[in-house]
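J.: What follows is the file structure_37.cif, containing mmCIF, C-alpha atoms:
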data_start
loop_
_atom_site.label_atom_id
_atom_site.label_comp_id
_atom_site.auth_asym_id
_atom_site.auth_seq_id
_atom_site.Cartn_x
_atom_site.Cartn_y
_atom_site.Cartn_z
CA MET A 1 53.92 -81.08 -237.95
CA ARG A 2 52.77 -81.28 -241.54
CA LYS A 3 50.94 -78.28 -242.91
CA GLU A 4 48.42 -80.47 -244.72
CA ASP A 5 47.22 -81.69 -241.30
CA LEU A 6 46.26 -78.16 -240.31
CA ILE A 7 42.86 -76.73 -241.07
CA PRO A 8 42.41 -72.95 -241.08
CA ALA A 9 40.11 -71.87 -238.25
CA GLU A 10 38.21 -69.71 -240.72
CA GLU A 11 37.44 -72.76 -242.84
CA ILE A 12 36.13 -74.59 -239.80
CA CYS A 13 33.80 -71.70 -239.03
CA VAL A 14 32.44 -71.74 -242.58
CA ARG A 15 32.16 -75.51 -242.84
CA TYR A 16 30.46 -75.99 -239.48
CA LYS A 17 28.59 -72.72 -239.61
CA VAL A 18 29.81 -71.58 -236.22
CA GLY A 19 31.05 -68.19 -235.11
CA ARG A 20 34.74 -67.42 -234.78
CA GLN A 21 34.04 -66.59 -231.14
CA PHE A 22 33.00 -70.16 -230.42
CA VAL A 23 36.27 -71.54 -231.79
CA SER A 24 38.24 -68.93 -229.82
CA SER A 25 36.33 -69.77 -226.65
CA LEU A 26 37.14 -73.47 -227.03
CA TYR A 27 40.76 -72.53 -227.44
CA GLU A 28 40.70 -70.26 -224.40
CA SER A 29 39.16 -73.07 -222.37
CA GLY A 30 41.99 -75.35 -223.44
CA ILE A 31 39.64 -77.72 -225.23
CA ILE A 32 41.25 -77.33 -228.62
CA GLU A 33 44.65 -76.10 -229.68
CA ILE A 34 45.12 -73.31 -232.18
CA ILE A 35 48.38 -73.01 -234.04
CA THR A 36 49.28 -69.69 -235.60
CA ILE A 37 51.47 -69.71 -238.69
CA GLU A 38 52.12 -66.46 -240.48
CA GLU A 39 49.14 -64.77 -238.82
CA THR A 40 46.74 -67.51 -239.89
CA GLU A 41 45.17 -69.62 -237.20
CA TYR A 42 44.87 -73.36 -237.69
CA VAL A 43 43.37 -76.32 -235.88
CA HIS A 44 45.17 -79.63 -236.18
CA CYS A 45 43.00 -82.31 -237.81
CA ASP A 46 43.51 -84.59 -234.79
CA HIS A 47 41.57 -82.05 -232.70
CA LEU A 48 38.66 -81.91 -235.09
CA ALA A 49 36.77 -84.85 -233.59
CA ASN A 50 36.93 -83.23 -230.15
CA PHE A 51 35.85 -79.91 -231.59
CA GLU A 52 32.83 -81.59 -233.23
CA LYS A 53 31.96 -83.34 -230.00
CA MET A 54 32.03 -80.09 -228.05
CA MET A 55 30.00 -78.36 -230.72
CA ARG A 56 27.32 -81.06 -230.54
CA LEU A 57 27.18 -80.88 -226.75
CA HIS A 58 27.01 -77.09 -226.86
CA HIS A 59 24.23 -76.97 -229.41
CA ASP A 60 22.30 -80.14 -228.65
CA LEU A 61 22.32 -79.96 -224.88
CA GLU A 62 22.82 -76.22 -224.49
CA ILE A 63 25.89 -76.75 -222.36
CA ASN A 64 27.86 -73.61 -221.72
CA LEU A 65 31.62 -73.29 -222.04
CA GLU A 66 32.29 -73.96 -218.36
CA GLY A 67 30.24 -77.13 -218.68
CA LEU A 68 32.11 -78.13 -221.82
CA GLU A 69 35.39 -77.61 -220.05
CA ALA A 70 34.32 -79.87 -217.19
CA ILE A 71 32.93 -82.50 -219.58
CA ASN A 72 36.08 -82.45 -221.65
CA HIS A 73 38.18 -82.95 -218.56
CA LEU A 74 36.05 -85.85 -217.32
CA LEU A 75 35.95 -87.51 -220.74
CA GLN A 76 39.75 -87.34 -220.89
CA GLN A 77 39.90 -88.94 -217.46
CA ILE A 78 37.54 -91.73 -218.55
CA LYS A 79 39.67 -92.32 -221.63
CA GLN A 80 42.84 -92.51 -219.55
CA LEU A 81 41.24 -94.85 -217.04
CA GLN A 82 40.00 -97.11 -219.83
CA LYS A 83 43.49 -97.13 -221.31
CA ASP A 84 45.06 -97.94 -217.94
CA ASN A 85 42.48 -100.64 -217.37
CA ARG A 86 43.24 -102.24 -220.71
CA ARG A 87 46.99 -102.03 -220.10
CA LEU A 88 46.65 -103.63 -216.68
CA LYS A 89 44.44 -106.38 -218.08
CA ASN A 90 47.07 -107.05 -220.71
CA ARG A 91 49.77 -107.25 -218.06
CA LEU A 92 47.63 -109.51 -215.93
CA GLY A 93 47.19 -111.75 -218.95
CA LEU A 94 50.95 -112.25 -219.02
CA TYR A 95 50.89 -113.98 -215.66
CA GLU A 96 47.75 -116.06 -216.09
CA MET B 1 6.35 -104.71 -234.45
CA ASP B 2 5.47 -103.49 -230.98
CA PHE B 3 3.85 -100.31 -229.87
CA ILE B 4 6.34 -97.90 -228.32
CA ASP B 5 5.15 -95.84 -225.40
CA TYR B 6 6.87 -92.52 -226.03
CA TYR B 7 5.45 -91.01 -222.85
CA LYS B 8 6.94 -93.80 -220.81
CA LEU B 9 10.26 -93.36 -222.55
CA LEU B 10 10.33 -89.71 -221.53
CA GLU B 11 8.96 -90.61 -218.09
CA LEU B 12 5.90 -88.43 -218.62
CA ASP B 13 2.17 -88.86 -218.48
CA LYS B 14 -0.18 -88.10 -221.31
CA SER B 15 -1.13 -84.69 -219.99
CA ALA B 16 2.46 -83.43 -220.20
CA SER B 17 2.81 -79.92 -221.51
CA LYS B 18 5.17 -78.87 -224.25
CA GLU B 19 7.46 -77.46 -221.58
CA ASP B 20 7.38 -80.75 -219.62
CA ILE B 21 8.35 -82.66 -222.76
CA LYS B 22 11.20 -80.31 -223.47
CA LYS B 23 12.48 -80.57 -219.91
CA ALA B 24 12.20 -84.35 -219.81
CA TYR B 25 13.92 -84.64 -223.14
CA ARG B 26 16.76 -82.37 -222.10
CA ARG B 27 17.22 -84.21 -218.83
CA LEU B 28 17.36 -87.64 -220.47
CA ALA B 29 19.39 -86.45 -223.46
CA ARG B 30 22.03 -85.12 -221.09
CA LYS B 31 22.11 -88.50 -219.42
CA TYR B 32 22.30 -90.65 -222.54
CA HIS B 33 23.96 -88.42 -225.14
CA PRO B 34 26.43 -90.60 -227.10
CA ASP B 35 29.21 -88.06 -226.66
CA LEU B 36 28.88 -88.38 -222.90
CA ASN B 37 28.74 -92.15 -222.98
CA PRO B 38 31.57 -93.20 -225.28
CA SER B 39 31.45 -96.84 -226.39
CA ASP B 40 28.22 -97.42 -224.48
CA LYS B 41 25.89 -99.02 -226.99
CA GLU B 42 23.07 -99.26 -224.47
CA ALA B 43 23.17 -95.52 -223.83
CA GLN B 44 23.25 -94.85 -227.55
CA ALA B 45 20.21 -97.05 -228.15
CA ARG B 46 18.40 -95.35 -225.29
CA PHE B 47 19.32 -91.94 -226.66
CA GLN B 48 17.89 -92.84 -230.05
CA GLN B 49 14.63 -93.92 -228.43
CA ILE B 50 14.45 -90.67 -226.47
CA ASN B 51 15.19 -88.73 -229.62
CA GLU B 52 12.42 -90.52 -231.45
CA ALA B 53 9.99 -89.93 -228.58
CA ASN B 54 10.85 -86.24 -228.61
CA GLU B 55 10.48 -86.08 -232.38
CA VAL B 56 6.91 -87.26 -232.02
CA LEU B 57 5.76 -85.64 -228.81
CA SER B 58 7.23 -82.21 -229.43
CA ASP B 59 5.50 -81.92 -232.78
CA PRO B 60 1.81 -81.12 -232.17
CA GLU B 61 0.62 -82.92 -235.31
CA LYS B 62 2.67 -86.02 -234.73
CA ARG B 63 1.64 -86.06 -231.10
CA LYS B 64 -2.02 -85.76 -232.07
CA LYS B 65 -1.72 -88.68 -234.44
CA TYR B 66 0.22 -90.71 -231.91
CA ASP B 67 -2.28 -90.00 -229.12
CA GLU B 68 -5.15 -90.92 -231.37
CA TYR B 69 -3.71 -93.97 -233.05
CA GLY B 70 -0.63 -94.87 -231.04
CA LYS B 71 -1.75 -98.19 -229.62
CA ASP B 72 -3.83 -98.82 -232.70
CA TRP B 73 -1.12 -97.83 -235.14
CA GLN B 74 -2.31 -100.28 -237.79
CA HIS B 75 -5.23 -97.94 -238.47
CA ALA B 76 -3.11 -94.86 -238.81
CA ASP B 77 -3.72 -94.84 -242.53
CA GLN B 78 -7.23 -93.62 -241.83
CA PHE B 79 -5.73 -90.61 -240.13
CA GLU B 80 -3.58 -89.99 -243.16
CA GLU B 81 -6.61 -90.13 -245.39
CA ALA B 82 -8.44 -87.62 -243.24
CA ARG B 83 -5.38 -85.39 -243.24
CA LYS B 84 -5.20 -85.45 -247.02
CA GLN B 85 -8.84 -84.56 -247.28
CA GLN B 86 -8.33 -81.70 -244.87
CA ALA B 87 -5.35 -80.49 -246.82
CA ALA B 88 -7.28 -80.69 -250.07
CA SER B 89 -10.00 -78.53 -248.62
CA GLY B 90 -7.48 -75.99 -247.40
CA GLY B 91 -8.12 -76.70 -243.76
CA TYR B 92 -4.72 -78.08 -242.97
CA ALA B 93 -1.40 -76.82 -244.03
CA GLY B 94 0.95 -78.65 -241.75
CA GLY B 95 2.30 -82.06 -242.55
CA PHE B 96 4.59 -84.25 -240.66
CA GLY B 97 7.80 -83.11 -242.22
CA GLY B 98 7.20 -79.54 -241.30
CA GLY B 99 9.48 -78.87 -238.46
CA GLY B 100 7.63 -78.44 -235.19
CA GLN B 101 9.43 -77.54 -232.05
CA SER B 102 11.84 -80.38 -231.91
CA ARG B 103 15.53 -80.01 -232.34
CA SER B 104 16.90 -82.98 -234.17
CA TYR B 105 20.16 -84.46 -233.10
CA SER B 106 22.54 -84.86 -235.91
CA GLY B 107 25.61 -85.82 -234.10
CA ASN B 108 27.78 -88.81 -233.85
CA PHE B 109 25.29 -91.55 -234.52
CA ASP B 110 23.44 -93.08 -237.35
CA GLU B 111 20.48 -90.98 -238.40
CA ASP B 112 18.70 -93.92 -239.91
CA THR B 113 17.79 -95.41 -236.62
CA PHE B 114 14.17 -94.65 -236.01
CA SER B 115 12.07 -97.63 -235.08
CA ASP B 116 9.81 -99.58 -237.42
CA PHE B 117 6.95 -98.31 -235.31
CA PHE B 118 7.91 -94.73 -236.11
CA GLU B 119 8.26 -95.59 -239.80
CA GLN B 120 4.84 -97.15 -239.88
CA MET B 121 3.18 -94.28 -238.04
CA PHE B 122 4.86 -91.36 -239.71
CA GLY B 123 6.04 -92.77 -242.97
CA GLY B 124 9.68 -93.11 -243.96
CA ARG B 125 12.39 -91.09 -242.36
CA ALA B 126 10.06 -88.18 -241.87
CA ARG B 127 12.45 -86.26 -239.72
CA ALA B 128 11.56 -82.73 -239.02
CA GLY B 129 13.85 -81.10 -241.48
CA GLY B 130 17.07 -82.33 -239.94
CA SER B 131 19.24 -80.13 -237.88
CA GLN B 132 17.94 -76.65 -237.32
CA ARG B 133 21.38 -75.19 -237.35
CA GLY B 134 22.21 -76.84 -240.67
CA ALA B 135 25.73 -77.75 -239.67
CA HIS B 136 27.76 -80.21 -241.68
CA PHE B 137 28.63 -83.09 -239.46
CA LYS B 138 31.12 -85.79 -239.80
CA GLY B 139 29.42 -89.19 -239.98
CA GLN B 140 29.31 -91.66 -237.16
CA ASP B 141 32.58 -93.26 -236.19
CA PHE B 142 32.35 -97.03 -236.23
CA ASN B 143 34.12 -99.22 -233.72
CA ALA B 144 35.03 -102.79 -234.46
CA GLU B 145 37.03 -105.42 -232.67
CA LEU B 146 39.26 -107.85 -234.49
CA GLN B 147 40.49 -111.00 -232.84
CA LEU B 148 43.84 -112.34 -234.02
CA ARG B 149 46.33 -114.86 -232.74
CA LEU B 150 49.77 -113.72 -231.63
CA SER B 151 51.36 -115.94 -234.26
CA GLN B 152 49.35 -114.09 -236.91
CA VAL B 153 50.74 -110.68 -236.08
CA TYR B 154 54.38 -111.72 -236.22
CA LYS B 155 54.25 -110.82 -239.90
CA ASP B 156 52.18 -108.28 -241.83
CA GLU B 157 48.70 -109.70 -242.02
CA LYS B 158 46.04 -109.17 -244.65
CA HIS B 159 42.54 -109.42 -243.33
CA THR B 160 39.06 -108.71 -244.61
CA ILE B 161 36.45 -107.54 -242.16
CA THR B 162 32.80 -106.78 -242.68
CA VAL B 163 31.51 -103.58 -241.15
CA ASN B 164 27.85 -102.72 -241.71
CA GLY B 165 27.69 -105.13 -244.64
CA LYS B 166 30.74 -103.67 -246.33
CA ASN B 167 33.90 -105.67 -246.81
CA ILE B 168 37.04 -103.80 -245.88
CA ARG B 169 40.43 -105.23 -246.74
CA LEU B 170 43.00 -104.43 -244.11
CA SER B 171 46.72 -104.60 -244.09
CA ILE B 172 47.74 -105.09 -240.50
CA PRO B 173 51.37 -104.22 -239.80
CA ALA B 174 53.40 -106.82 -237.92
CA GLY B 175 53.82 -106.12 -234.23
CA VAL B 176 50.37 -104.73 -233.56
CA GLU B 177 49.57 -104.93 -229.86
CA ASN B 178 46.73 -106.36 -227.86
CA GLY B 179 44.22 -103.59 -227.15
CA GLN B 180 45.74 -101.31 -229.78
CA THR B 181 43.28 -99.30 -231.84
CA ILE B 182 43.90 -98.16 -235.37
CA LYS B 183 41.89 -95.58 -237.28
CA ILE B 184 40.79 -96.13 -240.85
CA LYS B 185 39.79 -92.80 -242.21
CA GLY B 186 36.50 -92.41 -244.08
CA HIS B 187 35.15 -95.90 -243.41
CA GLY B 188 32.58 -94.82 -240.85
CA GLY B 189 29.00 -93.69 -241.36
CA PRO B 190 27.98 -91.17 -244.01
CA GLY B 191 28.30 -87.49 -243.16
CA VAL B 192 25.27 -85.44 -242.21
CA GLN B 193 24.27 -82.67 -244.58
CA GLY B 194 27.31 -83.03 -246.75
CA GLY B 195 29.74 -83.55 -243.91
CA PRO B 196 32.67 -85.94 -244.25
CA LYS B 197 32.35 -89.65 -243.60
CA GLY B 198 33.15 -90.93 -240.15
CA ASP B 199 36.14 -93.11 -239.38
CA LEU B 200 36.45 -96.75 -238.52
CA TYR B 201 38.30 -97.65 -235.33
CA ILE B 202 39.52 -101.20 -235.03
CA THR B 203 40.69 -102.52 -231.70
CA PHE B 204 42.83 -105.64 -231.80
CA ASN B 205 42.19 -108.42 -229.40
CA ILE B 206 45.25 -110.64 -229.63
CA LEU B 207 45.14 -114.10 -228.14
CA ASN B 208 48.42 -115.67 -227.24
CA ASP B 209 48.65 -119.04 -228.94
CA THR B 210 52.36 -119.46 -228.20
CA ALA B 211 54.55 -120.41 -225.28
CA PHE B 212 56.01 -116.89 -225.17
CA ARG B 213 54.96 -114.01 -223.02
CA ARG B 214 54.96 -110.73 -224.86
CA GLU B 215 55.57 -107.28 -223.52
CA LYS B 216 55.54 -104.76 -226.36
CA GLU B 217 58.26 -105.98 -228.72
CA ASN B 218 60.05 -108.20 -226.22
CA LEU B 219 59.31 -111.87 -225.72
CA TYR B 220 59.86 -113.93 -222.60
CA ALA B 221 60.19 -117.68 -222.21
CA THR B 222 61.47 -120.18 -219.70
CA GLU B 223 63.77 -123.03 -220.56
CA GLU B 224 64.44 -126.03 -218.40
CA ILE B 225 68.07 -127.10 -218.12
CA SER B 226 69.48 -130.16 -216.45
CA LEU B 227 71.41 -129.87 -213.21
CA SER B 228 74.57 -131.13 -214.89
CA THR B 229 74.27 -128.53 -217.67
CA ALA B 230 73.76 -125.82 -215.07
CA VAL B 231 76.81 -126.96 -213.13
CA LEU B 232 79.14 -127.87 -215.95
CA GLY B 233 77.79 -125.71 -218.74
CA GLY B 234 76.83 -126.97 -222.17
CA GLU B 235 74.82 -126.33 -225.25
CA ILE B 236 71.05 -126.39 -225.47
CA GLN B 237 68.46 -125.71 -228.19
CA VAL B 238 65.80 -123.13 -227.51
CA ASN B 239 62.69 -122.19 -229.43
CA THR B 240 62.42 -118.70 -230.80
CA PHE B 241 59.42 -117.32 -232.66
CA ASN B 242 60.88 -118.28 -235.99
CA GLY B 243 62.75 -121.47 -235.29
CA LYS B 244 65.22 -123.10 -232.95
CA VAL B 245 68.62 -121.67 -231.99
CA LYS B 246 71.57 -123.16 -230.16
CA LEU B 247 72.53 -121.53 -226.92
CA LYS B 248 75.62 -121.96 -224.79
CA VAL B 249 74.97 -122.34 -221.08
CA LYS B 250 77.80 -121.10 -218.90
CA PRO B 251 79.16 -123.40 -216.21
CA GLY B 252 77.70 -122.59 -212.81
CA THR B 253 74.44 -121.17 -214.16
CA GLN B 254 72.02 -120.41 -211.35
CA ASN B 255 68.30 -121.06 -211.33
CA ASP B 256 66.29 -118.10 -212.76
CA THR B 257 69.27 -116.79 -214.70
CA LYS B 258 68.07 -114.63 -217.58
CA VAL B 259 69.76 -114.47 -220.94
CA LYS B 260 68.93 -112.08 -223.73
CA LEU B 261 68.75 -113.10 -227.34
CA LYS B 262 69.08 -109.83 -229.13
CA GLY B 263 66.74 -109.27 -232.06
CA LYS B 264 64.87 -112.54 -231.48
CA GLY B 265 61.78 -110.87 -230.04
CA PHE B 266 58.68 -109.56 -231.73
CA PRO B 267 58.71 -107.16 -234.70
CA LYS B 268 58.54 -103.49 -233.75
CA TYR B 269 55.29 -101.97 -234.92
CA LYS B 270 55.69 -100.11 -238.20
CA LYS B 271 59.49 -100.39 -238.03
CA GLU B 272 60.61 -102.63 -240.81
CA ASN B 273 63.19 -105.28 -239.95
CA GLN B 274 63.46 -104.12 -236.34
CA PHE B 275 62.78 -106.62 -233.63
CA GLY B 276 62.68 -106.69 -229.86
CA ASP B 277 64.64 -109.18 -227.78
CA LEU B 278 63.88 -112.63 -226.45
CA TYR B 279 64.58 -113.20 -222.77
CA ILE B 280 65.11 -116.78 -221.69
CA THR B 281 64.92 -117.65 -218.02
CA TYR B 282 66.67 -120.87 -217.07
CA LYS B 283 64.90 -123.22 -214.72
CA VAL B 284 67.32 -125.75 -213.33
CA LYS B 285 65.62 -129.11 -213.05
CA ILE B 286 66.50 -130.95 -209.87
CA PRO B 287 66.40 -134.68 -210.57
CA GLU B 288 63.75 -136.53 -208.57
CA HIS B 289 64.18 -140.19 -209.36
CA LEU B 290 67.83 -141.11 -209.09
CA SER B 291 69.30 -144.51 -209.78
CA GLU B 292 71.46 -146.16 -207.13
CA LYS B 293 74.54 -145.26 -209.14
CA GLN B 294 73.51 -141.59 -209.36
CA LYS B 295 72.80 -141.49 -205.64
CA GLU B 296 76.26 -142.87 -204.96
CA LEU B 297 77.82 -140.23 -207.15
CA PHE B 298 75.92 -137.48 -205.36
CA GLN B 299 77.05 -138.90 -202.05
CA GLU B 300 80.61 -138.71 -203.34
CA LEU B 301 80.04 -135.12 -204.40
CA LYS B 302 78.56 -134.30 -201.01
CA LYS B 303 81.71 -135.51 -199.37
CA THR B 304 83.65 -132.98 -201.39
CA GLY B 305 81.60 -130.23 -199.79
CA ILE B 306 79.19 -129.42 -202.68
#
Would you encode the structure as structure tokens?

T.:
Amino acid sequence: MRKEDLIPAEEICVRYKVGRQFVSSLYESGIIEIITIEETEYVHCDHLANFEKMMRLHHDLEINLEGLEAINHLLQQIKQLQKDNRRLKNRLGLYE
Amino acid sequence: MDFIDYYKLLELDKSASKEDIKKAYRRLARKYHPDLNPSDKEAQARFQQINEANEVLSDPEKRKKYDEYGKDWQHADQFEEARKQQAASGGYAGGFGGGGQSRSYSGNFDEDTFSDFFEQMFGGRARAGGSQRGAHFKGQDFNAELQLRLSQVYKDEKHTITVNGKNIRLSIPAGVENGQTIKIKGHGGPGVQGGPKGDLYITFNILNDTAFRREKENLYATEEISLSTAVLGGEIQVNTFNGKVKLKVKPGTQNDTKVKLKGKGFPKYKKENQFGDLYITYKVKIPEHLSEKQKELFQELKKTGI
């Protein structure tokens, strides 16, 4: 893992104007991963899009953390199903 | 430009209270929010309409103007004139850009998407001050699909695509797969309130224009061989992706025998000079129209027990 791909959690809080508690709660719910290096907490840049999505849902639709957790899980499932569907279509194409 | 019935959009009647509007908006926003409907353009369009309806109906001044002039929006200028006069006399200190009760969405979609009707009625992108929480948001991610032929992705391919009127020159590495999506950082929509630009996601739709079947980096083909070659062995020429090669067929080769041509498959994605394999399946052709002489010879063979 390259260090330049890690964004300090503190910076995220400042940039997105959210409380540290919100970031911690997302981590505790398993929605984002936090990596600790030398006592500094970081979020990998690949998780940023998901973090933003959860933040929008939380603020825009007033969805609580339990709701976010459920939504995140279902969105992951949709993504996996779409991926499987595409893969199967590709395989089917081989025999057409 | 058509009149847009904002009440109908929010499934409300004209007497709806502020609380009713808020509830209806929340209910529909939860249903059509772009984050909950990934890749669903219809839901996104619907969400934008709902957002616009809420922008108008949750702001008392905008709602007043809409109720008064909605269907007759061409005369809305008169309302503006009256408003200015009121403001000049100190009787009105509001204005349409003033905020109101609405919460503006500033998430993963283009902000510049209010209808012409809204523009005409309320003038420009008169959004109510943007997001109330003032967060910096990454711009909208764009999704595009690029159709290529299999023969095109055997080598690195340069391609120019147009996304939202902007030409983007792409270098597509050889071996890209059908359905594969690549991310091009910073080529999405502009960020909101100083946020970073969104990304561009390109999904490849690769049409097979060859006689090969492809599975990841391996290629598959069938090759017809004569009965005599199958029995006695011999040399045949087979097509590979980049030319013909000679292949030795072993004596006694059975139908559906598979042979592997190492390194004659498709390039491995982002692995320079590494290729998959080509699998050839032999199909032994049984002769159908034999001459008298051939029939005689087969009869002779039959007598030998073959």

J.: Pick from A:Arg86, A:Glu52, A:Ile35, A:Ser29: nearest to Ala70 (chain A), with only C-alpha atoms counted?

T.: A:Ser29

J.: What do you get, as a VMD selection string, if you spell out every residue that the PyMOL selection byres ((chain A) within 7 of (chain B)) selects here?

T.: chain A and resid 15 to 17 53 56 60 to 61 86 94

J.: Could you check how far CA of Thr253 (chain B) sits from CA of Pro287 (chain B), in Å to one decimal?

T.: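 CA of Pro287 (chain B) lies at a distance of 16.1 Å from CA of Thr253 (chain B).
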
J.: Tell me which protein, DNA and RNA residues are within 12 Å of Lys246 (chain B), counting all atoms listed in the file, leaving out same-chain ones fewer than 4 positions away, and put them as a list in words.

T.: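 Skipping anything fewer than 4 positions along the chain leaves Gly234, Glu235, Ile236, Gln237, Val238, Asn239, Thr240 and Leu261 of chain B.
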
J.: Using Å and a single decimal, report how far CA of Asn72 (chain A) sits from CA of Tyr27 (chain A).

T.: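 Calculated distance between CA of Tyr27 (chain A) and CA of Asn72 (chain A) is 12.4 Å.
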
J.: Please determine, counting only C-alpha atoms, which residue among A:Ile12, A:Val43, A:Lys89, A:Phe22 has the shortest atom-to-atom distance to Asn64 (chain A).

T.: A:Phe22

J.: So that I can see what lies close to Leu68 (chain A), please list as a list of chain:residue names the residues with an atom at most 8 Å from it, counting only C-alpha atoms and leaving out residues fewer than 6 positions away in the same chain.

T.: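 Neighbouring residues, sequence-local ones excluded: A:Met54, A:Leu57, A:His58.
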
J.: Given the PyMOL selection byres ((chain B and resi 46) around 10) and the file above, list the residues it selects as an NGL selection string.

T.: :B and (9 or 28-29 or 31-34 or 41-45 or 47-52)

J.: Can you tell me how far CA of Gly252 (chain B) sits from CA of Val284 (chain B), in Å to one decimal?

T.: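 Computing the Euclidean distance for CA of Gly252 (chain B) and CA of Val284 (chain B) yields 10.9 Å.
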
J.: Around the point (8.0, -94.3, -227.2) in the file's coordinates, collect all residues with an atom within 10 Å, using only C-alpha atoms, and return them as an NGL selection string.

T.: :B and (3-11 or 49-54 or 56-57 or 66 or 70 or 115 or 117-118)

J.: Would you mind writing region 280-291 of chain B with N, CA and C atoms, as an mmCIF file, in the coordinates of the input?

T.:
data_model
loop_
_atom_site.group_PDB
_atom_site.id
_atom_site.type_symbol
_atom_site.label_atom_id
_atom_site.label_comp_id
_atom_site.auth_asym_id
_atom_site.auth_seq_id
_atom_site.Cartn_x
_atom_site.Cartn_y
_atom_site.Cartn_z
ATOM 1 N N ILE B 280 65.294 -115.385 -222.124
ATOM 2 C CA ILE B 280 65.110 -116.780 -221.690
ATOM 3 C C ILE B 280 65.484 -116.873 -220.208
ATOM 4 N N THR B 281 64.596 -117.422 -219.435
ATOM 5 C CA THR B 281 64.920 -117.650 -218.020
ATOM 6 C C THR B 281 65.183 -119.143 -217.831
ATOM 7 N N TYR B 282 66.335 -119.466 -217.287
ATOM 8 C CA TYR B 282 66.670 -120.870 -217.070
ATOM 9 C C TYR B 282 66.032 -121.388 -215.793
ATOM 10 N N LYS B 283 65.434 -122.538 -215.907
ATOM 11 C CA LYS B 283 64.900 -123.220 -214.720
ATOM 12 C C LYS B 283 65.710 -124.516 -214.571
ATOM 13 N N VAL B 284 66.472 -124.563 -213.517
ATOM 14 C CA VAL B 284 67.320 -125.750 -213.330
ATOM 15 C C VAL B 284 66.458 -126.880 -212.766
ATOM 16 N N LYS B 285 66.467 -127.971 -213.470
ATOM 17 C CA LYS B 285 65.620 -129.110 -213.050
ATOM 18 C C LYS B 285 66.392 -129.990 -212.066
ATOM 19 N N ILE B 286 65.860 -130.093 -210.877
ATOM 20 C CA ILE B 286 66.500 -130.950 -209.870
ATOM 21 C C ILE B 286 65.982 -132.369 -210.096
ATOM 22 N N PRO B 287 66.875 -133.316 -210.302
ATOM 23 C CA PRO B 287 66.400 -134.680 -210.570
ATOM 24 C C PRO B 287 65.657 -135.276 -209.379
ATOM 25 N N GLU B 288 64.576 -135.982 -209.656
ATOM 26 C CA GLU B 288 63.750 -136.530 -208.570
ATOM 27 C C GLU B 288 63.949 -138.035 -208.388
ATOM 28 N N HIS B 289 64.074 -138.718 -209.467
ATOM 29 C CA HIS B 289 64.180 -140.190 -209.360
ATOM 30 C C HIS B 289 65.584 -140.620 -209.779
ATOM 31 N N LEU B 290 66.436 -140.747 -208.804
ATOM 32 C CA LEU B 290 67.830 -141.110 -209.090
ATOM 33 C C LEU B 290 68.034 -142.622 -209.019
ATOM 34 N N SER B 291 68.931 -143.085 -209.846
ATOM 35 C CA SER B 291 69.300 -144.510 -209.780
ATOM 36 C C SER B 291 70.274 -144.678 -208.610
#
